[in-house]
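Working notes, structure below.
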Amino acid sequence: MPRVLWPLLNDRPIIQVILGLAQGGQQVARNLRADTGAGTAQSGFELLLDEHDCLLCGGIPLQGALLGGAYTGSYPVYLVQVRIPLLGFDQAVPAVGVPAGPAGFDGIACFQFLNRFTYGNFADPGQFGLEM
Amino acid sequence: MSTSKTVQELNRELAKKLIEEGRTNPQSVYAGKFVGIANGQVVAVADNWDELARRLRQAEPDLSKTFGVEVGRDYDVVEEIWGLR
């Protein structure tokens with residue numbers, strides 16, 4: 001099974017994703033804080049991104065979401081193409097667009113996204129990774 | 001008011017109707033489906049977001065005129081993002 005590991009960033013677990021279609025359109029690489037405490041397994045979104053990134057990558061507007069906690073209020077949601085090439089992952093994923101991600105990161109990979117994979121440090125405390 | 005804004009308003013109005021229909025009529029043909037709207041009309045129906053994205057891009061290349069909704073989802077639920085800032 002393919003596995004990819006990333007070094008911790010600011011002592012926090014991250015995953016790196018590429019946003020945007022592989023062919024045509026803008027593509028950007030982003031470091032997302034891996035956070036199982038963000039949302040639930042049934043949330044209406046899987047990522048939290050800077051709204052500018054959602055638009056830059058040709059996100060499809062979806063019905064918005066209501067957030068509580070660190071972000072409160074009504075936020076737009078976009079269907080964004082997300083790729084993790086080393087895993088062969090390439091799917092459209094709903095992402096809530098916020099004015100700015102958490103300090104030091106480009107956004108958040110929420111529980112519902114992480115839960116698509118086997119995730120963890122795979123016995124290396126300095127890294128975090130995903131396995132399909 | 002720009003044309004695309006008018007289109008998005010039409011899209012959102014239809015999405016609102018579909019969400020309401022999903023609430024009141026579980027037998028709706030769209031219940032449990034991921035529905036793509038473009039220019040104020042349903043143009044794609046799928047079983048997941050990835051499939052919907054592909055169908056919507058085929059139906060309307062100008063994505064600013066598109067919109068998606070999951071019929072049957074409770075959009076009034078507040079999703080918690082714990083203290084991360």
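Just remember, in the structure tokens the first chain shown is A, the second B, etc., residues are 1-based per chain, and ligands are 1-based in the order shown.
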Open item on the list: Taking only C-alpha atoms into account, find every residue of chain B that has an atom no more than 9 Å from chain A, and write it out as a PyMOL selection string.
Closed with: chain B and resi 12+15-16+49-54+56+63-70+73-85
- [ ] Enumerate, as a PyMOL selection string, the complete set of residues in region 14-70 of chain B that a backbone-based DSSP assignment places in strand (DSSP E).
- [x] chain B and resi 34-38+41-46+66-70
Residues as selected, N, CA and C atoms, written as a short mmCIF file (atom, residue, chain, number, x, y, z; two decimals), in the first residue's frame, can you do that?
data_model
loop_
_atom_site.label_atom_id
_atom_site.label_comp_id
_atom_site.auth_asym_id
_atom_site.auth_seq_id
_atom_site.Cartn_x
_atom_site.Cartn_y
_atom_site.Cartn_z
N PHE B 34 -26.17 14.05 -4.95
CA PHE B 34 -25.36 15.25 -5.09
C PHE B 34 -25.79 15.89 -6.42
N VAL B 35 -26.34 17.08 -6.31
CA VAL B 35 -26.99 17.69 -7.47
C VAL B 35 -26.20 18.90 -7.96
N GLY B 36 -25.96 18.93 -9.26
CA GLY B 36 -25.25 20.03 -9.87
C GLY B 36 -26.21 20.95 -10.60
N ILE B 37 -26.04 22.24 -10.37
CA ILE B 37 -26.91 23.25 -10.97
C ILE B 37 -26.04 24.17 -11.83
N ALA B 38 -26.56 24.55 -12.98
CA ALA B 38 -25.88 25.55 -13.81
C ALA B 38 -26.93 26.42 -14.45
N GLN B 41 -30.56 25.75 -13.51
CA GLN B 41 -31.22 24.48 -13.83
C GLN B 41 -30.37 23.31 -13.34
N VAL B 42 -31.04 22.22 -12.98
CA VAL B 42 -30.32 21.00 -12.63
C VAL B 42 -29.69 20.42 -13.90
N VAL B 43 -28.38 20.23 -13.88
CA VAL B 43 -27.69 19.70 -15.07
C VAL B 43 -26.93 18.42 -14.78
N ALA B 44 -26.82 18.04 -13.50
CA ALA B 44 -26.06 16.82 -13.17
C ALA B 44 -26.55 16.27 -11.85
N VAL B 45 -26.58 14.95 -11.78
CA VAL B 45 -26.93 14.26 -10.53
C VAL B 45 -25.91 13.14 -10.35
N ALA B 46 -25.38 13.02 -9.13
CA ALA B 46 -24.33 12.02 -8.90
C ALA B 46 -24.47 11.43 -7.50
N THR B 66 -21.90 27.64 -11.98
CA THR B 66 -22.35 26.35 -11.45
C THR B 66 -22.52 26.41 -9.93
N PHE B 67 -23.16 25.38 -9.42
CA PHE B 67 -23.40 25.30 -7.97
C PHE B 67 -23.71 23.84 -7.64
N GLY B 68 -23.35 23.44 -6.43
CA GLY B 68 -23.62 22.06 -6.04
C GLY B 68 -24.28 21.98 -4.68
N VAL B 69 -25.09 20.95 -4.50
CA VAL B 69 -25.78 20.79 -3.22
C VAL B 69 -26.00 19.30 -2.97
N GLU B 70 -25.90 18.92 -1.69
CA GLU B 70 -26.19 17.53 -1.30
C GLU B 70 -27.60 17.52 -0.73
#
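Near Gly88 (chain A), within 12 Å and counting only C-alpha atoms, sit Met1, Pro2, Arg3, Val4, Val17, Ile18, Ala22, Val82, Arg83, Ile84, Pro85, Leu86, Asp90, Gln91, Leu130, Glu131 and Met132 of chain A, not including residues fewer than 2 positions from it in the same chain.
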Can you spit out the residues from that selection as a PDB file, in the first residue's frame, using N, CA and C atoms?
ATOM      1  N   MET A   1       0.845  -1.196   0.000  1.00  0.00           N
ATOM      2  CA  MET A   1       0.000   0.000   0.000  1.00  0.00           C
ATOM      3  C   MET A   1       0.882   1.249   0.000  1.00  0.00           C
ATOM      4  N   PRO A   2       0.570   2.220  -0.869  1.00  0.00           N
ATOM      5  CA  PRO A   2       1.398   3.425  -0.902  1.00  0.00           C
ATOM      6  C   PRO A   2       1.247   4.242   0.376  1.00  0.00           C
ATOM      7  N   ARG A   3       2.370   4.790   0.806  1.00  0.00           N
ATOM      8  CA  ARG A   3       2.391   5.611   2.018  1.00  0.00           C
ATOM      9  C   ARG A   3       3.247   6.836   1.749  1.00  0.00           C
ATOM     10  N   VAL A   4       2.860   7.967   2.320  1.00  0.00           N
ATOM     11  CA  VAL A   4       3.672   9.174   2.213  1.00  0.00           C
ATOM     12  C   VAL A   4       3.745   9.820   3.591  1.00  0.00           C
ATOM     13  N   VAL A  17      -0.810  18.859  -0.048  1.00  0.00           N
ATOM     14  CA  VAL A  17      -1.709  18.546  -1.149  1.00  0.00           C
ATOM     15  C   VAL A  17      -1.461  19.516  -2.297  1.00  0.00           C
ATOM     16  N   ILE A  18      -1.861  19.096  -3.471  1.00  0.00           N
ATOM     17  CA  ILE A  18      -1.853  19.986  -4.640  1.00  0.00           C
ATOM     18  C   ILE A  18      -3.300  20.264  -4.984  1.00  0.00           C
ATOM     19  N   ALA A  22      -5.136  18.551 -12.689  1.00  0.00           N
ATOM     20  CA  ALA A  22      -3.814  18.195 -13.193  1.00  0.00           C
ATOM     21  C   ALA A  22      -3.572  18.815 -14.565  1.00  0.00           C
ATOM     22  N   VAL A  82      -8.305  17.909  -5.422  1.00  0.00           N
ATOM     23  CA  VAL A  82      -7.184  17.716  -4.497  1.00  0.00           C
ATOM     24  C   VAL A  82      -6.366  16.520  -4.957  1.00  0.00           C
ATOM     25  N   ARG A  83      -5.049  16.722  -5.053  1.00  0.00           N
ATOM     26  CA  ARG A  83      -4.174  15.621  -5.451  1.00  0.00           C
ATOM     27  C   ARG A  83      -3.077  15.392  -4.427  1.00  0.00           C
ATOM     28  N   ILE A  84      -2.790  14.123  -4.174  1.00  0.00           N
ATOM     29  CA  ILE A  84      -1.608  13.710  -3.416  1.00  0.00           C
ATOM     30  C   ILE A  84      -0.921  12.690  -4.325  1.00  0.00           C
ATOM     31  N   PRO A  85      -0.040  13.156  -5.206  1.00  0.00           N
ATOM     32  CA  PRO A  85       0.487  12.304  -6.279  1.00  0.00           C
ATOM     33  C   PRO A  85       1.123  10.997  -5.795  1.00  0.00           C
ATOM     34  N   LEU A  86       1.854  11.049  -4.695  1.00  0.00           N
ATOM     35  CA  LEU A  86       2.533   9.830  -4.241  1.00  0.00           C
ATOM     36  C   LEU A  86       1.556   8.740  -3.797  1.00  0.00           C
ATOM     37  N   ASP A  90      -6.581  11.650  -6.369  1.00  0.00           N
ATOM     38  CA  ASP A  90      -6.961  12.754  -7.256  1.00  0.00           C
ATOM     39  C   ASP A  90      -8.486  12.825  -7.289  1.00  0.00           C
ATOM     40  N   GLN A  91      -9.054  13.605  -6.386  1.00  0.00           N
ATOM     41  CA  GLN A  91     -10.513  13.659  -6.281  1.00  0.00           C
ATOM     42  C   GLN A  91     -10.985  15.073  -5.960  1.00  0.00           C
ATOM     43  N   LEU A 130       0.145   9.507   5.581  1.00  0.00           N
ATOM     44  CA  LEU A 130      -1.087   8.868   5.114  1.00  0.00           C
ATOM     45  C   LEU A 130      -0.729   7.614   4.327  1.00  0.00           C
ATOM     46  N   GLU A 131      -1.594   6.639   4.431  1.00  0.00           N
ATOM     47  CA  GLU A 131      -1.428   5.404   3.668  1.00  0.00           C
ATOM     48  C   GLU A 131      -2.771   5.039   3.065  1.00  0.00           C
ATOM     49  N   MET A 132      -2.747   4.622   1.807  1.00  0.00           N
ATOM     50  CA  MET A 132      -4.007   4.205   1.158  1.00  0.00           C
ATOM     51  C   MET A 132      -4.146   2.694   1.183  1.00  0.00           C
TER      52      MET A 132
END
Considering only C-alpha atoms, return as a compact mmCIF listing (two decimals) with N, CA and C atoms, in the first residue's frame whatever protein or nucleic-acid residues lie within 10 Å of Val29 (chain B), sequence-local ones (same chain, fewer than 5 positions apart) excluded.
# COMPACT_ATOMS: atom_id res chain seq x y z
N GLU B 21 -37.05 20.56 -0.35
CA GLU B 21 -37.75 19.38 -0.86
C GLU B 21 -37.18 18.11 -0.22
N GLY B 22 -35.88 18.08 -0.04
CA GLY B 22 -35.24 16.93 0.60
C GLY B 22 -35.68 16.76 2.03
N VAL B 45 -26.58 14.95 -11.78
CA VAL B 45 -26.93 14.26 -10.53
C VAL B 45 -25.91 13.14 -10.35
N VAL B 71 -28.52 16.94 -1.46
CA VAL B 71 -29.93 16.96 -1.03
C VAL B 71 -30.12 15.92 0.08
Task: All alpha helix (DSSP H) positions in chain B, as number ranges by chain - done: B: 3-24, 49-59
Only N, CA and C atoms, please: the residues just picked out, written as an mmCIF file, in the first residue's frame.
data_model
loop_
_atom_site.group_PDB
_atom_site.id
_atom_site.type_symbol
_atom_site.label_atom_id
_atom_site.label_comp_id
_atom_site.auth_asym_id
_atom_site.auth_seq_id
_atom_site.Cartn_x
_atom_site.Cartn_y
_atom_site.Cartn_z
ATOM 1 N N THR B 3 -23.858 39.595 -14.690
ATOM 2 C CA THR B 3 -24.625 38.449 -15.166
ATOM 3 C C THR B 3 -24.352 37.221 -14.307
ATOM 4 N N SER B 4 -23.057 36.990 -13.979
ATOM 5 C CA SER B 4 -22.719 35.797 -13.225
ATOM 6 C C SER B 4 -23.352 35.837 -11.837
ATOM 7 N N LYS B 5 -23.468 37.041 -11.258
ATOM 8 C CA LYS B 5 -24.093 37.134 -9.942
ATOM 9 C C LYS B 5 -25.566 36.747 -10.047
ATOM 10 N N THR B 6 -26.219 37.184 -11.107
ATOM 11 C CA THR B 6 -27.611 36.822 -11.305
ATOM 12 C C THR B 6 -27.756 35.311 -11.461
ATOM 13 N N VAL B 7 -26.835 34.712 -12.195
ATOM 14 C CA VAL B 7 -26.863 33.262 -12.361
ATOM 15 C C VAL B 7 -26.682 32.581 -11.016
ATOM 16 N N GLN B 8 -25.754 33.083 -10.213
ATOM 17 C CA GLN B 8 -25.537 32.452 -8.902
ATOM 18 C C GLN B 8 -26.763 32.604 -8.009
ATOM 19 N N GLU B 9 -27.440 33.712 -8.126
ATOM 20 C CA GLU B 9 -28.667 33.875 -7.332
ATOM 21 C C GLU B 9 -29.717 32.849 -7.753
ATOM 22 N N LEU B 10 -29.837 32.655 -9.056
ATOM 23 C CA LEU B 10 -30.775 31.638 -9.546
ATOM 24 C C LEU B 10 -30.365 30.250 -9.062
ATOM 25 N N ASN B 11 -29.075 29.985 -9.127
ATOM 26 C CA ASN B 11 -28.576 28.684 -8.677
ATOM 27 C C ASN B 11 -28.894 28.458 -7.198
ATOM 28 N N ARG B 12 -28.648 29.486 -6.392
ATOM 29 C CA ARG B 12 -28.866 29.352 -4.947
ATOM 30 C C ARG B 12 -30.356 29.209 -4.614
ATOM 31 N N GLU B 13 -31.176 29.898 -5.371
ATOM 32 C CA GLU B 13 -32.626 29.757 -5.151
ATOM 33 C C GLU B 13 -33.074 28.324 -5.418
ATOM 34 N N LEU B 14 -32.572 27.755 -6.507
ATOM 35 C CA LEU B 14 -32.947 26.374 -6.824
ATOM 36 C C LEU B 14 -32.377 25.417 -5.777
ATOM 37 N N ALA B 15 -31.140 25.667 -5.355
ATOM 38 C CA ALA B 15 -30.534 24.806 -4.322
ATOM 39 C C ALA B 15 -31.368 24.833 -3.049
ATOM 40 N N LYS B 16 -31.843 26.026 -2.697
ATOM 41 C CA LYS B 16 -32.669 26.166 -1.490
ATOM 42 C C LYS B 16 -33.947 25.338 -1.618
ATOM 43 N N LYS B 17 -34.538 25.380 -2.800
ATOM 44 C CA LYS B 17 -35.756 24.598 -3.033
ATOM 45 C C LYS B 17 -35.473 23.103 -2.927
ATOM 46 N N LEU B 18 -34.345 22.683 -3.486
ATOM 47 C CA LEU B 18 -33.991 21.261 -3.442
ATOM 48 C C LEU B 18 -33.727 20.805 -2.010
ATOM 49 N N ILE B 19 -33.070 21.670 -1.224
ATOM 50 C CA ILE B 19 -32.794 21.326 0.182
ATOM 51 C C ILE B 19 -34.110 21.191 0.935
ATOM 52 N N GLU B 20 -35.014 22.123 0.691
ATOM 53 C CA GLU B 20 -36.314 22.093 1.364
ATOM 54 C C GLU B 20 -37.109 20.860 0.936
ATOM 55 N N GLU B 21 -37.051 20.560 -0.354
ATOM 56 C CA GLU B 21 -37.747 19.383 -0.858
ATOM 57 C C GLU B 21 -37.181 18.114 -0.223
ATOM 58 N N GLY B 22 -35.877 18.085 -0.039
ATOM 59 C CA GLY B 22 -35.240 16.930 0.596
ATOM 60 C C GLY B 22 -35.682 16.757 2.035
ATOM 61 N N ARG B 23 -35.958 17.902 2.701
ATOM 62 C CA ARG B 23 -36.409 17.863 4.102
ATOM 63 C C ARG B 23 -37.833 17.332 4.211
ATOM 64 N N THR B 24 -38.669 17.830 3.314
ATOM 65 C CA THR B 24 -40.097 17.525 3.444
ATOM 66 C C THR B 24 -40.519 16.266 2.701
ATOM 67 N N TRP B 49 -19.326 13.580 -4.508
ATOM 68 C CA TRP B 49 -18.833 14.879 -4.965
ATOM 69 C C TRP B 49 -17.883 14.759 -6.163
ATOM 70 N N ASP B 50 -17.047 13.737 -6.150
ATOM 71 C CA ASP B 50 -16.067 13.601 -7.239
ATOM 72 C C ASP B 50 -16.763 13.393 -8.586
ATOM 73 N N GLU B 51 -17.759 12.535 -8.560
ATOM 74 C CA GLU B 51 -18.524 12.281 -9.778
ATOM 75 C C GLU B 51 -19.265 13.546 -10.213
ATOM 76 N N LEU B 52 -19.816 14.260 -9.233
ATOM 77 C CA LEU B 52 -20.548 15.479 -9.570
ATOM 78 C C LEU B 52 -19.628 16.515 -10.223
ATOM 79 N N ALA B 53 -18.420 16.655 -9.688
ATOM 80 C CA ALA B 53 -17.482 17.634 -10.248
ATOM 81 C C ALA B 53 -17.213 17.339 -11.722
ATOM 82 N N ARG B 54 -16.999 16.067 -12.041
ATOM 83 C CA ARG B 54 -16.723 15.701 -13.436
ATOM 84 C C ARG B 54 -17.916 16.024 -14.330
ATOM 85 N N ARG B 55 -19.096 15.701 -13.846
ATOM 86 C CA ARG B 55 -20.298 15.939 -14.666
ATOM 87 C C ARG B 55 -20.591 17.430 -14.832
ATOM 88 N N LEU B 56 -20.360 18.178 -13.770
ATOM 89 C CA LEU B 56 -20.621 19.621 -13.852
ATOM 90 C C LEU B 56 -19.650 20.301 -14.816
ATOM 91 N N ARG B 57 -18.388 19.890 -14.771
ATOM 92 C CA ARG B 57 -17.402 20.495 -15.687
ATOM 93 C C ARG B 57 -17.754 20.208 -17.137
ATOM 94 N N GLN B 58 -18.324 19.026 -17.370
ATOM 95 C CA GLN B 58 -18.738 18.690 -18.741
ATOM 96 C C GLN B 58 -19.966 19.508 -19.151
ATOM 97 N N ALA B 59 -20.878 19.696 -18.203
ATOM 98 C CA ALA B 59 -22.133 20.378 -18.524
ATOM 99 C C ALA B 59 -21.950 21.882 -18.687
#
